[in-house]
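Read through the structure below, which is laid out as C-alpha cells, and then see the notes.
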Amino acid sequence: MQLKRIHHVAIIVSNYERSKDFYTRVLGCNVVEETYRAERDSYKLDLEVGGVYQIELFSFPGAPQRPSYPEARGLRHLAFSVENIEDAVNELSDKGIKVEDIRVDPITEKQYTFFQDPDGLPLELYED
C-alpha cells in the first residue's frame with residue numbers, strides 16, 4: 001500500500017450551526033455539500049480548504065465529550081498552512097478568536113501558533 005495524501009478530516013461538533021459559522025465565516029472554508037440525514041438526526045457538512053483538502057463536520061445528538069488537552073492520546077491538533085501568520089492571527093483576533101502567542105519551531109525555524117474551534121479542538125496555524 002502507498003498512501004497518496006490525506007483525503008479528509010472528520011470532526012463531530014456539539015453545536016452544528018455554531019461550528020458551521022466558525023469553519024465557514026471565521027476560517028473561510030468553502031461549503032462543498034451539506035446533507036441532513038433524518039434517520040440519524042444528523043448533519044454532514046463537507047468543507048474545502050484551499051481547494052485541496054476536505055473537512056467533514058458531523059452533528060450527532062448526544063455525542064460524548066472527548067478530552068482535548070494537548071498531551072492526551074489521539075489526534076493532537078489540526079494544522080492549517082498560511083502564507084503570513086501575523087496577518088492570519090490579526091484576522092482571527094479581529095473576529096474575536098483568542099490566539100496564542102506566535103512561536104518558532106526549533107527544528108524548521110517556521111512560525112506557528114494555536115487557537116481553538118468552538119468545541120475546544122486545538123487548531124494550528126503554520127507559516128509555510
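Here's how to read the names in the C-alpha cells: chain A, B, ... by the order shown, residue numbers from 1 in each chain, ligand numbers from 1 in the order shown.
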
Env of Tyr23 of chain A: 12 Å cut, atoms = only C-alpha atoms, seq-sep filter 6 positions within chain, self excluded. Answer as a PyMOL selection string. chain A and resi 11+13+16-17+29-31+45-49+54-57+92+116-119+123

- Task: Please provide as a PyMOL selection string all residues within 10 Å of Tyr36 of chain A, with the sequence filter that same-chain residues fewer than 3 positions apart are discarded (counting only C-alpha atoms).
- Result: chain A and resi 39-45+58-59

Worksheet entry | Contacts of Leu125 of chain A within 10 Å, only C-alpha atoms, excl. fewer than 5 positions in-chain, as a ChimeraX atom specification | /A:78-86,88-89,99,102,111-115

Counting only C-alpha atoms, the residue among A:Glu34, A:Val52, A:Gly96, A:Tyr126 that lies closest to Lys20 of chain A is A:Glu34

Atom pair atom CA of Gly28 of chain A + atom CA of Gly51 of chain A, distance 11.5 Å

Using DSSP on the backbone, list every residue of segment 1-126 of chain A that comes out as alpha helix (DSSP H), and give them as number ranges by chain. A: 16-21, 85-94

One decimal place gives the atom CA of Thr35 of chain A-atom CA of Glu124 of chain A separation as 27.4 Å

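For the residues A:Glu91, A:Gly120, A:Asp128, A:Lys98, ranking by smallest atom-to-atom distance to Leu27 of chain A using only C-alpha atoms places A:Glu91 first.
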
Please run DSSP on the backbone and report, as a PyMOL selection string, all residues within chain A that come out as strand (DSSP E).
chain A and resi 8-13+30-37+42-49+53-59+78-82+103-104+111-116+122-127

Expected file contents, prior selection, N, CA and C atoms, as a CSV table (one decimal), in the first residue's frame:
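Dumped everything to part09.csv:
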chain,number,residue,atom,x,y,z
A,8,HIS,N,-9.5,13.5,4.0
A,8,HIS,CA,-10.3,14.4,4.8
A,8,HIS,C,-10.1,14.2,6.2
A,9,VAL,N,-10.5,15.1,7.0
A,9,VAL,CA,-10.5,15.1,8.5
A,9,VAL,C,-12.0,15.2,8.9
A,10,ALA,N,-12.4,14.3,9.8
A,10,ALA,CA,-13.8,14.3,10.2
A,10,ALA,C,-13.9,14.8,11.7
A,11,ILE,N,-14.8,15.8,11.9
A,11,ILE,CA,-14.9,16.4,13.3
A,11,ILE,C,-16.4,16.3,13.7
A,12,ILE,N,-16.7,15.7,14.9
A,12,ILE,CA,-18.0,15.7,15.4
A,12,ILE,C,-18.1,16.9,16.3
A,13,VAL,N,-19.2,17.8,16.1
A,13,VAL,CA,-19.3,19.0,16.8
A,13,VAL,C,-20.5,19.0,17.7
A,30,ASN,N,-14.8,26.7,2.3
A,30,ASN,CA,-15.9,26.7,1.3
A,30,ASN,C,-16.8,25.5,1.5
A,31,VAL,N,-18.1,25.7,1.4
A,31,VAL,CA,-19.0,24.5,1.5
A,31,VAL,C,-19.0,23.8,0.2
A,32,VAL,N,-18.8,22.5,0.3
A,32,VAL,CA,-18.8,21.6,-0.9
A,32,VAL,C,-20.2,21.0,-1.0
A,33,GLU,N,-20.7,20.5,0.2
A,33,GLU,CA,-22.0,19.9,0.2
A,33,GLU,C,-22.5,19.8,1.7
A,34,GLU,N,-23.8,20.0,1.8
A,34,GLU,CA,-24.4,19.9,3.2
A,34,GLU,C,-25.5,18.9,3.1
A,35,THR,N,-25.5,17.9,4.0
A,35,THR,CA,-26.5,16.9,3.9
A,35,THR,C,-27.1,16.7,5.3
A,36,TYR,N,-28.5,16.6,5.3
A,36,TYR,CA,-29.2,16.3,6.6
A,36,TYR,C,-29.6,14.8,6.4
A,37,ARG,N,-29.3,14.0,7.4
A,37,ARG,CA,-29.7,12.6,7.4
A,37,ARG,C,-30.7,12.4,8.5
A,42,SER,N,-28.9,14.0,11.9
A,42,SER,CA,-27.5,14.4,11.9
A,42,SER,C,-27.2,15.2,10.6
A,43,TYR,N,-26.4,16.2,10.7
A,43,TYR,CA,-25.9,16.9,9.6
A,43,TYR,C,-24.5,16.4,9.2
A,44,LYS,N,-24.2,16.5,7.9
A,44,LYS,CA,-22.8,16.3,7.5
A,44,LYS,C,-22.5,17.4,6.5
A,45,LEU,N,-21.4,18.2,6.9
A,45,LEU,CA,-21.0,19.3,6.1
A,45,LEU,C,-19.6,19.1,5.5
A,46,ASP,N,-19.5,19.0,4.2
A,46,ASP,CA,-18.2,18.9,3.6
A,46,ASP,C,-17.7,20.2,3.2
A,47,LEU,N,-16.4,20.5,3.7
A,47,LEU,CA,-15.8,21.8,3.5
A,47,LEU,C,-14.5,21.6,2.8
A,48,GLU,N,-14.2,22.6,1.9
A,48,GLU,CA,-13.0,22.7,1.2
A,48,GLU,C,-12.0,23.7,1.8
A,49,VAL,N,-10.8,23.2,1.9
A,49,VAL,CA,-9.7,24.1,2.5
A,49,VAL,C,-8.7,24.3,1.4
A,53,TYR,N,-7.9,20.1,0.4
A,53,TYR,CA,-8.3,19.1,1.4
A,53,TYR,C,-9.8,19.4,1.8
A,54,GLN,N,-10.3,18.4,2.5
A,54,GLN,CA,-11.7,18.5,2.9
A,54,GLN,C,-11.8,18.2,4.4
A,55,ILE,N,-12.7,19.0,5.0
A,55,ILE,CA,-13.0,18.7,6.4
A,55,ILE,C,-14.5,18.3,6.4
A,56,GLU,N,-14.8,17.3,7.2
A,56,GLU,CA,-16.2,16.9,7.3
A,56,GLU,C,-16.7,17.2,8.7
A,57,LEU,N,-17.7,18.1,8.8
A,57,LEU,CA,-18.3,18.3,10.1
A,57,LEU,C,-19.5,17.5,10.3
A,58,PHE,N,-19.7,16.8,11.4
A,58,PHE,CA,-20.8,16.0,11.7
A,58,PHE,C,-21.5,16.5,13.0
A,59,SER,N,-22.8,16.4,13.0
A,59,SER,CA,-23.6,16.6,14.3
A,59,SER,C,-24.3,15.3,14.6
A,78,LEU,N,-5.2,19.9,14.5
A,78,LEU,CA,-5.3,20.0,13.1
A,78,LEU,C,-4.6,21.3,12.7
A,79,ALA,N,-3.7,21.2,11.7
A,79,ALA,CA,-2.8,22.4,11.4
A,79,ALA,C,-3.2,22.9,10.0
A,80,PHE,N,-3.3,24.2,9.9
A,80,PHE,CA,-3.5,24.8,8.6
A,80,PHE,C,-2.3,25.6,8.2
A,81,SER,N,-1.9,25.5,6.9
A,81,SER,CA,-0.8,26.3,6.4
A,81,SER,C,-1.3,27.7,6.0
A,82,VAL,N,-0.5,28.7,6.3
A,82,VAL,CA,-0.8,30.1,5.9
A,82,VAL,C,0.4,30.7,5.3
A,103,ARG,N,5.0,31.3,18.0
A,103,ARG,CA,6.2,30.6,18.4
A,103,ARG,C,7.0,30.3,17.2
A,104,VAL,N,8.3,29.9,17.4
A,104,VAL,CA,9.1,29.4,16.3
A,104,VAL,C,9.5,28.0,16.5
A,111,GLN,N,7.3,29.8,11.8
A,111,GLN,CA,6.4,30.3,12.9
A,111,GLN,C,5.1,29.6,12.9
A,112,TYR,N,4.6,29.4,14.1
A,112,TYR,CA,3.3,28.7,14.3
A,112,TYR,C,2.6,29.2,15.5
A,113,THR,N,1.3,29.0,15.6
A,113,THR,CA,0.5,29.3,16.8
A,113,THR,C,-0.7,28.4,16.9
A,114,PHE,N,-1.4,28.5,18.0
A,114,PHE,CA,-2.6,27.6,18.2
A,114,PHE,C,-3.8,28.5,18.6
A,115,PHE,N,-5.0,28.0,18.3
A,115,PHE,CA,-6.2,28.6,18.7
A,115,PHE,C,-7.2,27.4,18.8
A,116,GLN,N,-8.5,27.6,19.1
A,116,GLN,CA,-9.4,26.5,19.3
A,116,GLN,C,-10.7,26.8,18.5
A,122,PRO,N,-8.0,21.8,19.3
A,122,PRO,CA,-6.8,22.6,19.1
A,122,PRO,C,-6.5,22.7,17.6
A,123,LEU,N,-6.4,23.9,17.1
A,123,LEU,CA,-6.1,24.2,15.7
A,123,LEU,C,-4.8,25.0,15.6
A,124,GLU,N,-4.0,24.7,14.6
A,124,GLU,CA,-2.7,25.3,14.5
A,124,GLU,C,-2.7,26.1,13.2
A,125,LEU,N,-2.0,27.2,13.2
A,125,LEU,CA,-1.6,28.0,12.0
A,125,LEU,C,-0.1,27.8,11.9
A,126,TYR,N,0.3,27.4,10.7
A,126,TYR,CA,1.7,27.2,10.4
A,126,TYR,C,2.2,28.0,9.2
A,127,GLU,N,3.1,28.9,9.4
A,127,GLU,CA,3.5,29.7,8.3
A,127,GLU,C,4.4,28.9,7.3
